[in-house]
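What follows is the content of work-v3.txt, which has compact mmCIF, C-alpha atoms:
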```txt
# COMPACT_ATOMS: atom_id res chain seq x y z
CA GLN A 17 84.89 88.04 130.60
CA HIS A 18 88.51 89.19 130.44
CA PHE A 19 87.73 91.57 127.58
CA LYS A 20 84.76 93.08 129.45
CA ASP A 21 86.86 93.57 132.59
CA TYR A 22 89.66 95.09 130.52
CA VAL A 23 87.34 97.61 128.83
CA LYS A 24 85.90 98.56 132.21
CA ARG A 25 89.37 99.26 133.59
CA VAL A 26 90.41 101.19 130.47
CA CYS A 27 87.40 103.46 131.00
CA GLY A 28 88.26 104.10 134.64
CA GLY A 29 85.86 101.57 136.18
CA ASN A 30 83.06 104.08 136.67
CA GLU A 31 81.93 105.26 133.23
CA PRO A 32 79.32 102.82 131.89
CA ASN A 33 78.59 105.03 128.87
CA ALA A 34 82.28 105.02 127.97
CA GLU A 35 82.42 101.23 128.39
CA MET A 36 79.43 100.84 126.07
CA PHE A 37 80.97 103.19 123.53
CA ILE A 38 84.38 101.49 123.50
CA THR A 39 82.78 98.05 123.09
CA GLN A 40 80.60 99.35 120.27
CA PHE A 41 83.60 101.11 118.73
CA VAL A 42 85.46 97.80 118.51
CA ALA A 43 82.39 95.92 117.25
CA HIS A 44 81.55 98.59 114.68
CA MET A 45 85.09 98.81 113.36
CA ILE A 46 85.62 95.04 113.06
CA LEU A 47 82.14 93.99 111.91
CA HIS A 48 80.52 96.97 110.20
CA GLY A 49 83.24 99.35 109.01
CA ARG A 50 84.87 102.47 110.37
CA PRO A 51 82.92 104.21 113.16
CA GLU A 52 83.93 107.75 112.03
CA VAL A 53 85.44 108.49 115.43
CA CYS A 54 89.07 108.87 116.47
CA VAL A 55 89.74 107.39 119.91
CA VAL A 56 92.33 109.38 121.87
CA ILE A 57 93.92 107.49 124.78
CA GLN A 58 95.71 109.66 127.33
CA GLY A 59 97.84 108.53 130.22
CA LYS A 60 101.15 108.90 131.96
CA GLN A 61 104.17 106.98 130.74
CA GLY A 62 103.94 103.30 131.64
CA CYS A 63 100.19 103.35 132.31
CA GLY A 64 99.47 100.83 129.52
CA LYS A 65 97.71 103.17 127.10
CA GLY A 66 99.19 101.33 124.14
CA SER A 67 97.47 98.10 125.22
CA PHE A 68 94.12 99.00 123.67
CA VAL A 69 95.81 99.90 120.38
CA ARG A 70 97.68 96.59 120.41
CA LEU A 71 94.42 94.73 120.97
CA ILE A 72 92.80 96.41 117.94
CA LYS A 73 95.92 95.71 115.88
CA ALA A 74 95.72 92.02 116.79
CA LEU A 75 92.04 91.88 115.81
CA VAL A 76 92.39 93.60 112.42
CA GLY A 77 95.57 91.74 111.39
CA ARG A 78 99.07 92.93 110.51
CA ALA A 79 98.31 93.69 106.86
CA TYR A 80 95.65 96.26 107.72
CA TRP A 81 97.27 98.60 110.26
CA ILE A 82 100.14 101.04 110.12
CA ASP A 83 101.97 103.12 112.73
CA ASP A 84 102.56 106.81 112.12
CA PRO A 85 104.75 108.04 115.02
CA GLN A 86 103.91 111.67 115.82
CA GLY A 87 101.48 111.84 112.89
CA LYS A 88 103.99 113.42 110.53
CA ARG A 89 103.42 111.12 107.57
CA VAL A 90 99.63 111.05 107.47
CA PHE A 91 99.49 114.44 105.71
CA GLU A 92 102.29 113.79 103.22
CA ARG A 93 101.46 114.15 99.54
CA PHE A 94 102.59 110.66 98.58
CA ASN A 95 100.48 108.39 100.76
CA SER A 96 99.97 105.08 98.97
CA GLN A 97 101.01 103.15 102.09
CA TYR A 98 97.67 104.19 103.63
CA SER A 99 95.43 103.12 100.76
CA ASP A 100 94.19 99.81 102.19
CA LYS A 101 94.69 100.37 105.92
CA ILE A 102 91.82 99.86 108.36
CA LEU A 103 93.75 101.35 111.28
CA VAL A 104 96.31 104.17 111.55
CA CYS A 105 97.96 104.49 114.98
CA ILE A 106 99.50 107.84 115.92
CA ASP A 107 101.64 107.85 119.07
CA GLU A 108 102.50 111.16 120.74
CA PRO A 109 101.26 113.43 117.94
CA ASP A 110 103.47 116.34 116.97
CA TRP A 111 100.85 119.06 117.44
CA ALA A 112 103.03 121.67 115.74
CA CYS A 113 102.60 119.52 112.65
CA MET A 114 99.03 118.33 113.20
CA CYS A 115 97.24 121.43 114.49
CA PRO A 116 97.50 123.36 111.20
CA GLN A 117 96.10 120.24 109.50
CA MET A 118 93.29 119.63 112.00
CA GLU A 119 90.43 120.33 109.59
CA LYS A 120 92.01 117.99 107.05
CA PHE A 121 92.39 115.38 109.78
CA LYS A 122 88.73 115.71 110.77
CA ASN A 123 87.73 115.15 107.15
CA ALA A 124 89.93 112.05 107.01
CA ILE A 125 87.99 110.64 109.98
CA THR A 126 84.57 111.03 108.36
CA GLU A 127 84.84 111.45 104.57
CA PRO A 128 83.66 108.40 102.55
CA THR A 129 86.63 108.57 100.14
CA LYS A 130 90.26 109.59 100.27
CA THR A 131 92.81 110.68 97.67
CA ILE A 132 95.81 108.42 97.09
CA GLU A 133 98.89 109.58 95.23
CA LYS A 134 101.99 107.66 94.23
CA LYS A 135 105.15 109.19 92.83
CA GLY A 136 104.89 109.56 89.05
CA ILE A 137 101.24 108.45 88.98
CA ASP A 138 98.12 110.61 88.88
CA ALA A 139 96.18 110.84 92.12
CA TYR A 140 93.04 108.72 92.41
CA GLU A 141 90.13 108.26 94.82
CA VAL A 142 89.47 105.14 96.91
CA ASP A 143 86.86 104.25 99.50
CA ASN A 144 87.92 105.38 102.95
CA TYR A 145 87.93 102.50 105.44
CA THR A 146 90.48 104.01 107.83
CA THR A 147 89.99 104.55 111.55
CA TYR A 148 92.53 106.63 113.47
CA MET A 149 93.69 106.12 117.06
CA LEU A 150 95.92 108.47 119.05
CA THR A 151 97.91 107.82 122.22
CA THR A 152 99.45 110.64 124.24
CA ASN A 153 100.87 111.58 127.63
CA HIS A 154 99.27 115.02 127.50
CA ARG A 155 95.82 116.21 128.49
CA ASN A 156 95.67 119.58 126.73
CA LEU A 157 95.80 118.50 123.12
CA PHE A 158 93.76 120.76 120.86
CA LYS A 159 90.72 122.96 120.82
CA LEU A 160 87.37 121.47 119.86
CA SER A 161 84.04 123.13 119.27
CA SER A 162 81.25 122.14 121.67
CA ASP A 163 79.39 120.26 118.93
CA ASP A 164 82.35 118.25 117.62
CA ARG A 165 81.80 114.47 117.74
CA ARG A 166 84.81 113.13 115.88
CA PHE A 167 86.93 112.39 118.96
CA PHE A 168 86.38 110.12 121.94
CA PHE A 169 88.74 110.55 124.88
CA VAL A 170 89.80 107.92 127.41
CA SER A 171 92.22 108.55 130.27
CA MET A 172 94.07 105.44 131.44
CA ASP A 173 95.46 107.26 134.48
CA ASN A 174 92.48 105.73 136.32
CA PHE A 175 93.24 102.15 135.25
CA GLY A 176 93.69 101.13 138.87
CA GLY A 177 96.26 99.11 140.77
CA THR A 178 99.81 99.64 141.95
CA PRO A 179 102.61 99.86 139.37
CA ASP A 180 103.59 96.27 140.21
CA GLU A 181 99.99 95.04 139.87
CA LYS A 182 99.56 96.82 136.56
CA GLY A 183 102.87 95.44 135.34
CA LYS A 184 101.73 91.88 136.03
CA TYR A 185 98.31 92.58 134.51
CA PHE A 186 99.73 93.84 131.24
CA GLU A 187 102.34 91.09 131.07
CA TYR A 188 99.45 88.61 131.18
CA PHE A 189 97.39 90.73 128.78
CA TYR A 190 100.11 90.95 126.12
CA LYS A 191 100.56 87.18 126.22
CA LYS A 192 96.86 86.86 125.47
CA LEU A 193 97.28 88.95 122.32
CA ASP A 194 99.38 86.11 120.91
CA ASP A 195 96.67 83.60 121.81
CA GLU A 196 94.45 82.92 118.79
CA GLU A 197 91.79 81.34 121.01
CA TYR A 198 91.57 84.50 123.11
CA LEU A 199 91.29 86.76 120.05
CA CYS A 200 88.56 84.50 118.66
CA SER A 201 86.72 84.77 121.98
CA VAL A 202 86.85 88.58 121.74
CA LEU A 203 85.50 88.45 118.19
CA GLN A 204 82.73 86.12 119.32
CA HIS A 205 81.88 88.44 122.22
CA ILE A 206 81.61 91.56 120.07
CA THR A 207 79.62 89.65 117.44
CA ILE A 208 77.07 88.50 120.03
CA TYR A 209 77.12 91.96 121.59
CA SER A 210 76.31 93.63 118.28
CA LYS A 211 73.34 91.29 117.80
CA THR A 212 71.88 91.64 121.30
CA VAL A 213 72.55 95.32 122.12
CA LEU A 214 71.12 98.24 120.20
CA MET A 215 74.09 99.44 118.18
CA ILE A 216 74.57 103.16 117.69
CA LEU A 217 74.00 103.91 114.03
CA THR A 218 76.20 106.98 114.36
CA PRO A 219 78.81 106.25 117.06
CA ARG A 220 79.58 109.97 117.33
CA ASN A 221 76.33 110.33 119.30
CA LEU A 222 78.12 109.01 122.40
CA SER A 223 81.52 110.60 121.90
CA LYS A 224 81.37 112.65 125.09
CA ASN A 225 82.73 111.41 128.39
CA GLY A 226 84.20 113.03 131.47
CA TRP A 227 87.55 113.94 129.98
CA ARG A 228 85.93 115.26 126.80
CA GLU A 229 83.82 117.58 128.94
CA MET A 230 86.92 118.86 130.76
CA ILE A 231 88.65 120.07 127.61
```
Let's see the structure in the file written out as structure tokens.
Amino acid sequence: QHFKDYVKRVCGGNEPNAEMFITQFVAHMILHGRPEVCVVIQGKQGCGKGSFVRLIKALVGRAYWIDDPQGKRVFERFNSQYSDKILVCIDEPDWACMCPQMEKFKNAITEPTKTIEKKGIDAYEVDNYTTYMLTTNHRNLFKLSSDDRRFFFVSMDNFGGTPDEKGKYFEYFYKKLDDEEYLCSVLQHITIYSKTVLMILTPRNLSKNGWREMI
């Protein structure tokens, strides 16, 4: 129940389609492979936007995620550190760096393989299991065509509660991320969910919500 309430609050409390998408995003990523969507979480400083990323990190395990502050390393030539990662987390992307690489980034979200290169070793192809997540304080990020479905936007400015209430909520939430029983309960929930709810074969079909429409 805590996970369901948390997802509802992340999505602003009044976007059932967004709640369904986020739950299916988590289930798809953990149980079926990458959903071919980059979730972008926007919110003011201190709103708790990193909490969802930390939850996904806890579910996938330390060996399978990597942080890329500002997204400056993801486009580097030598990228072997990304070869086996399920999750790449980009906090406050440097858009001066990322915007010229946007088409390459879109391909990284959806292409079935990726090229890995180590220093002194020929480049080689591997299966692409990586999902990307972005967190940012800003609303005006980049231009998208009307038919683009690679990005799903969530604004945590509508999380609800006073600063003190949210502080207590996230203090309790972060303790739960160290609780193996809680993480197992989330895995059990999304497993049952994926068996009882019609899963979206292509999660990009639902990658529009209110904030996505605004930009």
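What separates CA of Arg166 in chain A from CA of Val55 in chain A is a distance of 8.6 Å.
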Using only C-alpha atoms, which residues sit within 10 Å of range 176-178 of chain A once same-chain residues fewer than 2 positions away are excluded, as a ChimeraX atom specification? /A:25-26,28-29,63,172-174,180-185
Take CA of His44 in chain A and CA of Thr147 in chain A and report the distance between them in Å, one decimal.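 About the pair CA of His44 in chain A and CA of Thr147 in chain A: they are 10.8 Å apart.
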Could you work out how far CA of Met118 in chain A lies from CA of Thr39 in chain A, giving the answer in Å with one decimal?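 According to the coordinates, CA of Thr39 in chain A and CA of Met118 in chain A are separated by 26.4 Å.
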Which residue is closest to Lys135 in chain A? Choose from A:Asp21, A:Phe94, A:Pro116, A:Phe121 and count all atoms listed in the file.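 Using all atoms listed in the file, the shortest distance to Lys135 in chain A belongs to A:Phe94.
In this comparison, which uses all atoms listed in the file, the residue of A:Met36, A:Leu75, A:Val69, A:Met114 approaching Val90 in chain A most closely is A:Met114.
Nearest to Thr129 in chain A of all the residues A:Phe68, A:Tyr145, A:Tyr209, A:Trp81 is A:Tyr145, based on all atoms listed in the file.
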If you count only C-alpha atoms, which residues fall within 9 Å of Asp110 in chain A, apart from same-chain ones fewer than 5 positions away, as a list of chain:residue names?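 The residues satisfying every condition are A:Pro85, A:Gln86, A:Gly87, A:Lys88, A:Cys115.
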Which one is closest to Ile206 in chain A: A:Leu193, A:Phe41, A:Thr126, A:Asn95? Count all atoms listed in the file.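 Looking at the shortest contact to Ile206 in chain A, the residue is A:Phe41.
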Residue list as a ChimeraX atom specification for point (84.4, 86.5, 123.1), cut-off 12 Å, all atoms listed in the file: /A:17-20,39,43,75,196-210
Once you count all atoms listed in the file, what closest atom pair and distance in Å to one decimal does each residue of range 84-157 of chain A within 8 Å of range 58-62 of chain A have, with rows by chain and rising residue number, as JSON lines?
```
{"residue": "A:Thr151", "atom": "CA", "partner": "A:Gln58", "partner_atom": "CA", "distance": 5.9}
{"residue": "A:Thr152", "atom": "CA", "partner": "A:Gln58", "partner_atom": "CA", "distance": 4.9}
{"residue": "A:Asn153", "atom": "CA", "partner": "A:Gly59", "partner_atom": "CA", "distance": 5.0}
{"residue": "A:His154", "atom": "CA", "partner": "A:Gln58", "partner_atom": "CA", "distance": 6.4}
{"residue": "A:Arg155", "atom": "CA", "partner": "A:Gln58", "partner_atom": "CA", "distance": 6.7}
```
Rank nothing, just name the residue among A:Ser67, A:Pro128, A:Gln40, A:Glu187 nearest to Tyr22 in chain A, using all atoms listed in the file.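 Among the listed residues, A:Ser67 lies closest to Tyr22 in chain A.
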From A:Phe91, A:Ile102, A:Ala74, A:Trp111, residue lying nearest His48 in chain A [all atoms listed in the file]: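 Among the listed residues, A:Ile102 lies closest to His48 in chain A.
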